[in-house]
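The structure file upload-v5.tsv is reproduced below (TSV, C-alpha atoms and all ligand atoms).
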```
chain	number	residue	atom	x	y	z
A	1	MET	CA	-32.95	-31.30	19.64
A	2	ALA	CA	-31.58	-34.08	21.84
A	3	GLU	CA	-29.01	-32.97	24.32
A	4	LEU	CA	-25.54	-34.39	23.80
A	5	PRO	CA	-24.00	-36.32	26.69
A	6	ALA	CA	-21.52	-34.35	28.77
A	7	GLY	CA	-18.04	-34.51	27.34
A	8	HIS	CA	-19.30	-35.43	23.90
A	9	VAL	CA	-17.15	-34.03	21.17
A	10	PRO	CA	-18.78	-33.93	17.73
A	11	LEU	CA	-16.79	-36.19	15.41
A	12	LYS	CA	-15.99	-33.50	12.86
A	13	ALA	CA	-14.54	-31.07	15.36
A	14	GLY	CA	-12.82	-33.90	17.21
A	15	LEU	CA	-10.97	-35.13	14.15
A	16	PHE	CA	-10.49	-32.00	12.17
A	17	GLY	CA	-10.80	-29.20	14.68
A	18	TRP	CA	-7.04	-28.98	15.07
A	19	LEU	CA	-6.72	-28.18	11.38
A	20	LYS	CA	-8.42	-24.83	11.87
A	21	ARG	CA	-5.57	-22.56	12.78
A	22	PRO	CA	-6.52	-19.46	14.78
A	23	SER	CA	-6.12	-16.15	12.96
A	24	PRO	CA	-2.86	-14.41	13.82
A	25	SER	CA	-3.35	-11.57	16.25
A	26	VAL	CA	-1.44	-8.61	17.62
A	27	ASP	CA	-1.08	-7.48	21.22
A	28	HIS	CA	-3.97	-5.18	22.17
A	29	ALA	CA	-1.93	-2.55	24.05
A	30	LEU	CA	0.58	-2.41	21.21
A	31	TRP	CA	-2.24	-1.95	18.70
A	32	LEU	CA	-3.73	0.94	20.70
A	33	GLU	CA	-0.30	2.58	20.78
A	34	VAL	CA	0.06	2.27	16.99
A	35	ARG	CA	-3.51	3.45	16.43
A	36	ALA	CA	-2.82	6.58	18.50
A	37	SER	CA	0.34	7.43	16.54
A	38	THR	CA	-1.04	6.67	13.06
A	39	PRO	CA	-3.65	9.27	12.03
A	40	TRP	CA	-4.98	7.24	9.07
A	41	LEU	CA	-6.07	4.42	11.40
A	42	ARG	CA	-8.25	6.56	13.67
A	43	PRO	CA	-11.22	7.05	11.32
A	44	LEU	CA	-11.50	3.32	10.48
A	45	GLU	CA	-14.87	1.82	11.35
A	46	PRO	CA	-14.62	-1.16	13.77
A	47	ALA	CA	-14.94	-3.93	11.14
A	48	ARG	CA	-12.20	-2.41	8.97
A	49	GLU	CA	-9.98	-1.81	11.97
A	50	ALA	CA	-10.34	-5.47	13.00
A	51	ARG	CA	-9.46	-6.50	9.44
A	52	LEU	CA	-6.39	-4.26	9.48
A	53	ARG	CA	-5.26	-5.80	12.77
A	54	GLU	CA	-5.48	-9.26	11.30
A	55	LEU	CA	-3.73	-8.26	8.08
A	56	SER	CA	-0.97	-6.57	10.10
A	57	ALA	CA	-0.47	-9.73	12.16
A	58	THR	CA	-0.21	-11.76	8.93
A	59	PHE	CA	2.26	-9.22	7.57
A	60	LEU	CA	4.46	-9.59	10.66
A	61	LEU	CA	4.35	-13.38	10.30
A	62	GLN	CA	5.14	-13.43	6.59
A	63	LYS	CA	7.60	-10.57	6.15
A	64	THR	CA	11.06	-10.00	7.53
A	65	ILE	CA	11.51	-6.37	8.55
A	66	THR	CA	15.20	-5.44	8.47
A	67	PRO	CA	16.34	-2.05	9.80
A	68	LEU	CA	19.55	-0.91	8.10
A	69	ALA	CA	22.41	1.55	8.68
A	70	GLY	CA	22.16	1.63	12.47
A	71	LEU	CA	18.37	2.00	12.66
A	72	ALA	CA	16.63	0.10	15.47
A	73	LEU	CA	12.91	-0.70	15.33
A	74	GLY	CA	10.86	-1.73	18.38
A	75	PRO	CA	7.67	-3.85	18.31
A	76	ALA	CA	5.35	-0.80	18.05
A	77	GLN	CA	7.37	0.62	15.15
A	78	ARG	CA	7.31	-2.71	13.32
A	79	LEU	CA	3.57	-2.98	13.84
A	80	GLN	CA	3.10	0.57	12.58
A	81	LEU	CA	5.00	-0.29	9.37
A	82	ALA	CA	2.89	-3.44	8.97
A	83	ALA	CA	-0.35	-1.48	9.48
A	84	LEU	CA	0.66	1.19	6.95
A	85	CYS	CA	1.59	-1.44	4.36
A	86	CYS	CA	-1.70	-3.29	4.96
A	87	LEU	CA	-3.95	-0.21	4.80
A	88	PRO	CA	-4.29	-0.58	0.98
A	89	LEU	CA	-5.29	-4.26	1.44
A	90	LEU	CA	-8.46	-3.72	3.48
A	91	GLU	CA	-10.72	-4.61	0.54
A	92	PHE	CA	-8.24	-6.59	-1.58
A	93	GLY	CA	-7.27	-8.92	1.24
A	94	ARG	CA	-4.16	-10.85	2.22
A	95	THR	CA	-3.39	-12.07	-1.31
A	96	GLY	CA	-2.07	-8.51	-1.74
A	97	LEU	CA	0.93	-9.60	0.35
A	98	GLN	CA	2.06	-12.22	-2.13
A	99	GLY	CA	5.23	-12.17	-4.19
A	100	TRP	CA	7.81	-10.71	-1.80
A	101	SER	CA	9.16	-11.29	1.70
A	102	GLN	CA	11.50	-8.49	2.79
A	103	LEU	CA	10.84	-5.00	4.08
A	104	LEU	CA	14.11	-3.06	4.33
A	105	VAL	CA	14.04	0.16	6.34
A	106	TYR	CA	16.68	2.89	6.12
A	107	PRO	CA	16.87	5.58	8.80
A	108	ASP	CA	16.57	8.32	6.18
A	109	ALA	CA	16.26	8.88	2.44
A	110	PHE	CA	18.70	6.56	0.68
A	111	ARG	CA	20.85	6.92	-2.42
A	112	VAL	CA	20.77	4.44	-5.26
A	113	SER	CA	22.98	4.28	-8.34
A	114	ARG	CA	21.13	4.27	-11.63
A	115	SER	CA	22.21	3.93	-15.21
A	116	HIS	CA	20.49	3.90	-18.55
A	117	THR	CA	21.62	3.94	-22.15
A	118	ASP	CA	19.91	6.57	-24.28
A	119	ALA	CA	18.79	6.26	-27.92
A	120	ALA	CA	22.22	7.45	-29.11
A	121	GLY	CA	23.88	4.60	-27.19
A	122	VAL	CA	25.34	6.87	-24.50
A	123	LEU	CA	25.43	5.40	-21.00
A	124	HIS	CA	24.16	7.78	-18.31
A	125	GLU	CA	25.03	7.05	-14.70
A	126	TYR	CA	23.58	9.03	-11.82
A	127	GLU	CA	22.46	8.83	-8.22
A	128	ASP	CA	18.89	9.12	-7.01
A	129	GLU	CA	17.78	9.90	-3.49
A	130	LEU	CA	14.69	7.91	-2.58
A	131	ALA	CA	12.12	7.79	0.22
A	132	GLY	CA	10.99	4.36	-0.89
A	133	GLU	CA	11.43	1.74	-3.54
A	134	SER	CA	9.60	-1.39	-4.61
A	135	TRP	CA	11.54	-4.05	-6.46
A	136	GLU	CA	9.58	-6.19	-8.84
A	137	ALA	CA	9.39	-9.59	-7.07
A	138	GLY	CA	11.94	-8.25	-4.56
A	139	PRO	CA	12.00	-6.26	-1.35
A	140	LEU	CA	10.02	-3.20	-0.45
A	141	VAL	CA	12.34	-0.45	0.82
A	142	LEU	CA	11.29	2.49	2.99
A	143	SER	CA	12.94	5.46	4.66
A	144	TRP	CA	11.83	5.60	8.30
A	145	ALA	CA	12.26	9.41	8.40
A	146	ASP	CA	9.99	9.80	5.38
A	147	VAL	CA	7.35	7.46	6.83
A	148	GLN	CA	7.32	9.60	9.98
A	149	ALA	CA	7.23	12.86	7.98
A	150	ASP	CA	4.13	11.55	6.18
A	151	LEU	CA	2.47	10.81	9.53
A	152	ALA	CA	3.33	14.28	10.86
A	153	GLU	CA	1.35	15.82	7.98
A	154	PRO	CA	-1.31	13.20	7.31
A	155	ASP	CA	-3.38	15.33	4.94
A	156	ALA	CA	-0.55	16.64	2.74
A	157	GLY	CA	-1.01	14.04	-0.02
A	158	TYR	CA	2.06	11.94	0.77
A	159	CYS	CA	2.43	8.42	2.10
A	160	VAL	CA	5.47	6.54	0.85
A	161	ALA	CA	4.35	3.20	2.36
A	162	ILE	CA	1.04	3.35	0.45
A	163	HIS	CA	2.92	4.38	-2.71
A	164	GLU	CA	5.24	1.38	-2.62
A	165	MET	CA	2.40	-1.01	-1.73
A	166	ALA	CA	0.45	0.28	-4.74
A	167	HIS	CA	3.45	-0.81	-6.88
A	168	LYS	CA	3.32	-4.23	-5.21
A	169	LEU	CA	-0.40	-4.55	-5.99
A	170	ASP	CA	0.22	-3.34	-9.55
A	171	ALA	CA	2.91	-6.02	-10.04
A	172	LEU	CA	0.69	-8.90	-8.85
A	173	ASP	CA	-0.71	-9.61	-12.32
A	174	GLY	CA	2.79	-9.66	-13.82
A	175	ALA	CA	2.52	-6.27	-15.54
A	176	MET	CA	3.55	-2.95	-13.98
A	177	ASP	CA	1.08	-0.83	-15.91
A	178	GLY	CA	-0.91	1.10	-13.32
A	179	THR	CA	-3.66	-1.53	-13.12
A	180	PRO	CA	-3.84	-4.04	-10.25
A	181	PRO	CA	-5.55	-7.42	-10.72
A	182	LEU	CA	-9.30	-6.79	-11.06
A	183	PRO	CA	-12.38	-8.58	-12.40
A	184	ARG	CA	-12.43	-8.25	-16.19
A	185	ALA	CA	-15.18	-5.61	-16.62
A	186	TRP	CA	-13.78	-3.44	-13.85
A	187	HIS	CA	-10.26	-3.84	-15.26
A	188	ARG	CA	-11.43	-2.53	-18.65
A	189	GLN	CA	-13.21	0.45	-17.09
A	190	TRP	CA	-10.26	1.20	-14.76
A	191	ALA	CA	-7.74	1.12	-17.62
A	192	ALA	CA	-9.88	3.47	-19.75
A	193	ASP	CA	-10.63	5.95	-16.95
A	194	PHE	CA	-7.06	6.01	-15.62
A	195	GLN	CA	-5.60	6.44	-19.12
A	196	ARG	CA	-7.91	9.39	-19.85
A	197	SER	CA	-7.08	11.10	-16.53
A	198	TYR	CA	-3.37	10.35	-16.95
A	199	ASP	CA	-3.27	11.80	-20.47
A	200	ALA	CA	-5.11	14.96	-19.36
A	201	PHE	CA	-2.78	15.33	-16.35
A	202	CYS	CA	0.36	14.90	-18.51
A	203	LEU	CA	-0.89	17.55	-20.95
A	204	ARG	CA	-1.28	20.04	-18.12
A	205	VAL	CA	2.13	19.21	-16.62
A	206	ASP	CA	3.84	19.39	-20.04
A	207	ALA	CA	2.17	22.76	-20.74
A	208	GLY	CA	3.61	24.09	-17.49
A	209	HIS	CA	0.21	24.55	-15.81
A	210	GLU	CA	-0.08	24.52	-12.05
A	211	VAL	CA	-1.31	21.10	-10.86
A	212	ALA	CA	-2.83	20.26	-7.48
A	213	ILE	CA	-1.55	16.65	-7.54
A	214	ASP	CA	2.20	15.92	-7.34
A	215	ALA	CA	3.60	16.24	-10.88
A	216	TYR	CA	5.57	13.03	-10.33
A	217	ALA	CA	2.30	11.27	-11.21
A	218	ALA	CA	3.00	12.27	-14.85
A	219	GLU	CA	6.12	10.06	-14.88
A	220	SER	CA	4.32	6.89	-16.05
A	221	PRO	CA	0.94	5.12	-15.66
A	222	GLU	CA	2.32	3.06	-12.74
A	223	GLU	CA	3.52	6.18	-10.91
A	224	PHE	CA	0.15	7.80	-11.62
A	225	PHE	CA	-1.59	4.91	-9.84
A	226	ALA	CA	0.89	4.97	-6.92
A	227	VAL	CA	0.72	8.75	-6.45
A	228	THR	CA	-3.09	8.96	-6.68
A	229	SER	CA	-3.23	6.09	-4.15
A	230	GLU	CA	-1.31	8.30	-1.71
A	231	TYR	CA	-3.89	11.06	-2.22
A	232	HIS	CA	-6.74	8.62	-1.68
A	233	PHE	CA	-5.52	8.09	1.88
A	234	SER	CA	-4.02	11.48	2.73
A	235	ALA	CA	-6.01	14.04	0.70
A	236	PRO	CA	-9.13	12.22	-0.56
A	237	GLY	CA	-11.21	15.41	-0.98
A	238	LEU	CA	-8.58	16.97	-3.22
A	239	LEU	CA	-8.33	13.81	-5.35
A	240	ARG	CA	-12.13	13.64	-5.65
A	241	SER	CA	-12.37	17.22	-6.93
A	242	GLU	CA	-9.33	16.95	-9.25
A	243	MET	CA	-9.90	13.44	-10.66
A	244	PRO	CA	-13.42	12.19	-9.80
A	245	GLU	CA	-13.24	9.03	-11.92
A	246	VAL	CA	-9.86	7.95	-10.53
A	247	SER	CA	-11.09	8.75	-7.03
A	248	ALA	CA	-14.22	6.58	-7.54
A	249	HIS	CA	-12.12	3.57	-8.64
A	250	LEU	CA	-9.77	3.98	-5.68
A	251	GLN	CA	-12.76	4.29	-3.30
A	252	ARG	CA	-13.97	0.94	-4.55
A	253	PHE	CA	-10.51	-0.65	-4.54
A	254	TYR	CA	-9.27	0.60	-1.16
A	255	GLY	CA	-12.58	1.36	0.57
A	256	ASN	CA	-13.61	4.59	2.24
A	257	THR	CA	-10.93	6.49	4.09
A	258	SER	CA	-13.44	7.98	6.54
A	259	PRO	CA	-16.38	6.31	8.30
B	301	ZN	ZN	6.83	4.90	-7.53
```

Would you give me this structure, written as structure tokens?
Ligand SMILES: [Zn+2]
Amino acid sequence: MAELPAGHVPLKAGLFGWLKRPSPSVDHALWLEVRASTPWLRPLEPAREARLRELSATFLLQKTITPLAGLALGPAQRLQLAALCCLPLLEFGRTGLQGWSQLLVYPDAFRVSRSHTDAAGVLHEYEDELAGESWEAGPLVLSWADVQADLAEPDAGYCVAIHEMAHKLDALDGAMDGTPPLPRAWHRQWAADFQRSYDAFCLRVDAGHEVAIDAYAAESPEEFFAVTSEYHFSAPGLLRSEMPEVSAHLQRFYGNTSP
């Protein structure tokens, strides 16, 4: 091939090169700090870790993180929240961040007022204490104390950030039904396998049997998806032995949790 004259800039790159924006990145030292304090990041193979770094940088660009009620969050803490929220997107990709823009963080579990009218027309009003909440097309809300409690016991089956992100993924196709957007054939198989496991789990909970997975999963199909997602990251072996079909779908959807 003929050598190009010195200083020659190929036309394409010369005219359009500026259009290619560099991928967002995060500070290396900050990333190492977050990696060291976030047990679920340590087993990631290099390619997945690089992907998580890029997703986390995109998260920090796209989302406003607002600490509330006197909480202060430094750069490492913000990056840790971004990384936890992006962990379920390693296979799905950055489109999993669509549809919302605010992450609100309370120092501790927060109280919300609820009301519902029952079949007899009676209005019930009560307060709930929450570790996290995901509004449909609205903010994602987390309790910082609960996020840290999850990290202190990384194999206990709990991860509120993953739970709320599973709700965000579930909502992407416009229906909160325990099924995220998937190719058609996979969607059909997922819906059938999850329904069967959910029904069997509800029967055991309703009969008062001991269950190895948090009974909150019996609340609804969307909570079943969110709770089993937590187990996929924090107690994958337990999920595999209790619900092999659900575990296999989550392996494919989220990727392997260990190298
Ligand atoms: Zn939930």

Using all atoms listed in the file, determine which residues fall within 7 Å of ligand ZN 301 (chain B), then list them as a ChimeraX atom specification. /A:133,163-164,167,223,226

Using all atoms listed in the file, pick whichever of A:Pro75, A:Gly178, A:Pro154, A:Pro67 has the shortest atom-to-atom distance to A:Ala217.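 The shortest atom-to-atom distance to A:Ala217 comes from A:Gly178.
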
Show me, as an mmCIF file with C-alpha atoms, keeping the file's coordinate frame, the residues that have an atom within 10 Å of A:His249 when counting only C-alpha atoms, minus same-chain residues fewer than 3 positions from it.
```
data_model
loop_
_atom_site.group_PDB
_atom_site.id
_atom_site.type_symbol
_atom_site.label_atom_id
_atom_site.label_comp_id
_atom_site.auth_asym_id
_atom_site.auth_seq_id
_atom_site.Cartn_x
_atom_site.Cartn_y
_atom_site.Cartn_z
ATOM 1 C CA TRP A 186 -13.780 -3.440 -13.850
ATOM 2 C CA GLN A 189 -13.210 0.450 -17.090
ATOM 3 C CA TRP A 190 -10.260 1.200 -14.760
ATOM 4 C CA ASP A 193 -10.630 5.950 -16.950
ATOM 5 C CA PHE A 194 -7.060 6.010 -15.620
ATOM 6 C CA PRO A 244 -13.420 12.190 -9.800
ATOM 7 C CA GLU A 245 -13.240 9.030 -11.920
ATOM 8 C CA VAL A 246 -9.860 7.950 -10.530
ATOM 9 C CA ARG A 252 -13.970 0.940 -4.550
ATOM 10 C CA PHE A 253 -10.510 -0.650 -4.540
ATOM 11 C CA TYR A 254 -9.270 0.600 -1.160
ATOM 12 C CA GLY A 255 -12.580 1.360 0.570
#
```

Pick the closest to A:Thr95 from A:Ala235, A:Leu169, A:Ala212, A:Leu203: which is it, counting all atoms listed in the file?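 Going through A:Ala235, A:Leu169, A:Ala212, A:Leu203 one by one, the smallest distance to A:Thr95 is for A:Leu169.
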
Let me make sure I understand: among A:Asp146, A:Glu45, A:Glu242, A:Asp177, which one has the smallest atom-to-atom distance to A:Tyr106 if we use all atoms listed in the file?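 Of A:Asp146, A:Glu45, A:Glu242, A:Asp177, the one nearest A:Tyr106 is A:Asp146, counting all atoms listed in the file.
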
How many Å lie between atom CA of A:Thr38 and atom CA of A:Gly157, rounded to one decimal?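 Distance reported for this atom pair: 15.0 Å.
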
Would you mind telling me which residue in A:Glu136, A:Glu129, A:Asp206, A:Asp199 lies nearest to A:Ser220 when using all atoms listed in the file?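 Nearest to A:Ser220: A:Asp199.
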
For A:Asp173, please output as a compact mmCIF listing (two decimals) with C-alpha atoms, in the coordinates of the input all residues within 12 Å (counting all atoms listed in the file; exclusion window: fewer than 5 positions along the same chain).
```
# COMPACT_ATOMS: atom_id res chain seq x y z
CA THR A 95 -3.39 -12.07 -1.31
CA GLY A 96 -2.07 -8.51 -1.74
CA GLN A 98 2.06 -12.22 -2.13
CA GLY A 99 5.23 -12.17 -4.19
CA GLU A 136 9.58 -6.19 -8.84
CA ALA A 137 9.39 -9.59 -7.07
CA HIS A 167 3.45 -0.81 -6.88
CA LYS A 168 3.32 -4.23 -5.21
CA GLY A 178 -0.91 1.10 -13.32
CA THR A 179 -3.66 -1.53 -13.12
CA PRO A 180 -3.84 -4.04 -10.25
CA PRO A 181 -5.55 -7.42 -10.72
CA LEU A 182 -9.30 -6.79 -11.06
CA PRO A 183 -12.38 -8.58 -12.40
CA HIS A 187 -10.26 -3.84 -15.26
```

Go through A:Gly237, A:Pro24, A:Gly121, A:Pro221 one by one, measure the shortest atom-to-atom distance of each to A:Ser197 using only C-alpha atoms, and give the residue with the smallest value.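 Of A:Gly237, A:Pro24, A:Gly121, A:Pro221, the one nearest A:Ser197, counting only C-alpha atoms, is A:Pro221.
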
Just want the 12 Å neighbourhood of A:Ala72, counted on only C-alpha atoms, with same-chain residues fewer than 6 positions away dropped. Output as a ChimeraX atom specification. /A:65-66,78,104-107,144

Could you tell me how far atom CA of A:Leu44 sits from atom CA of A:Phe92, in Å to one decimal place? 15.9 Å
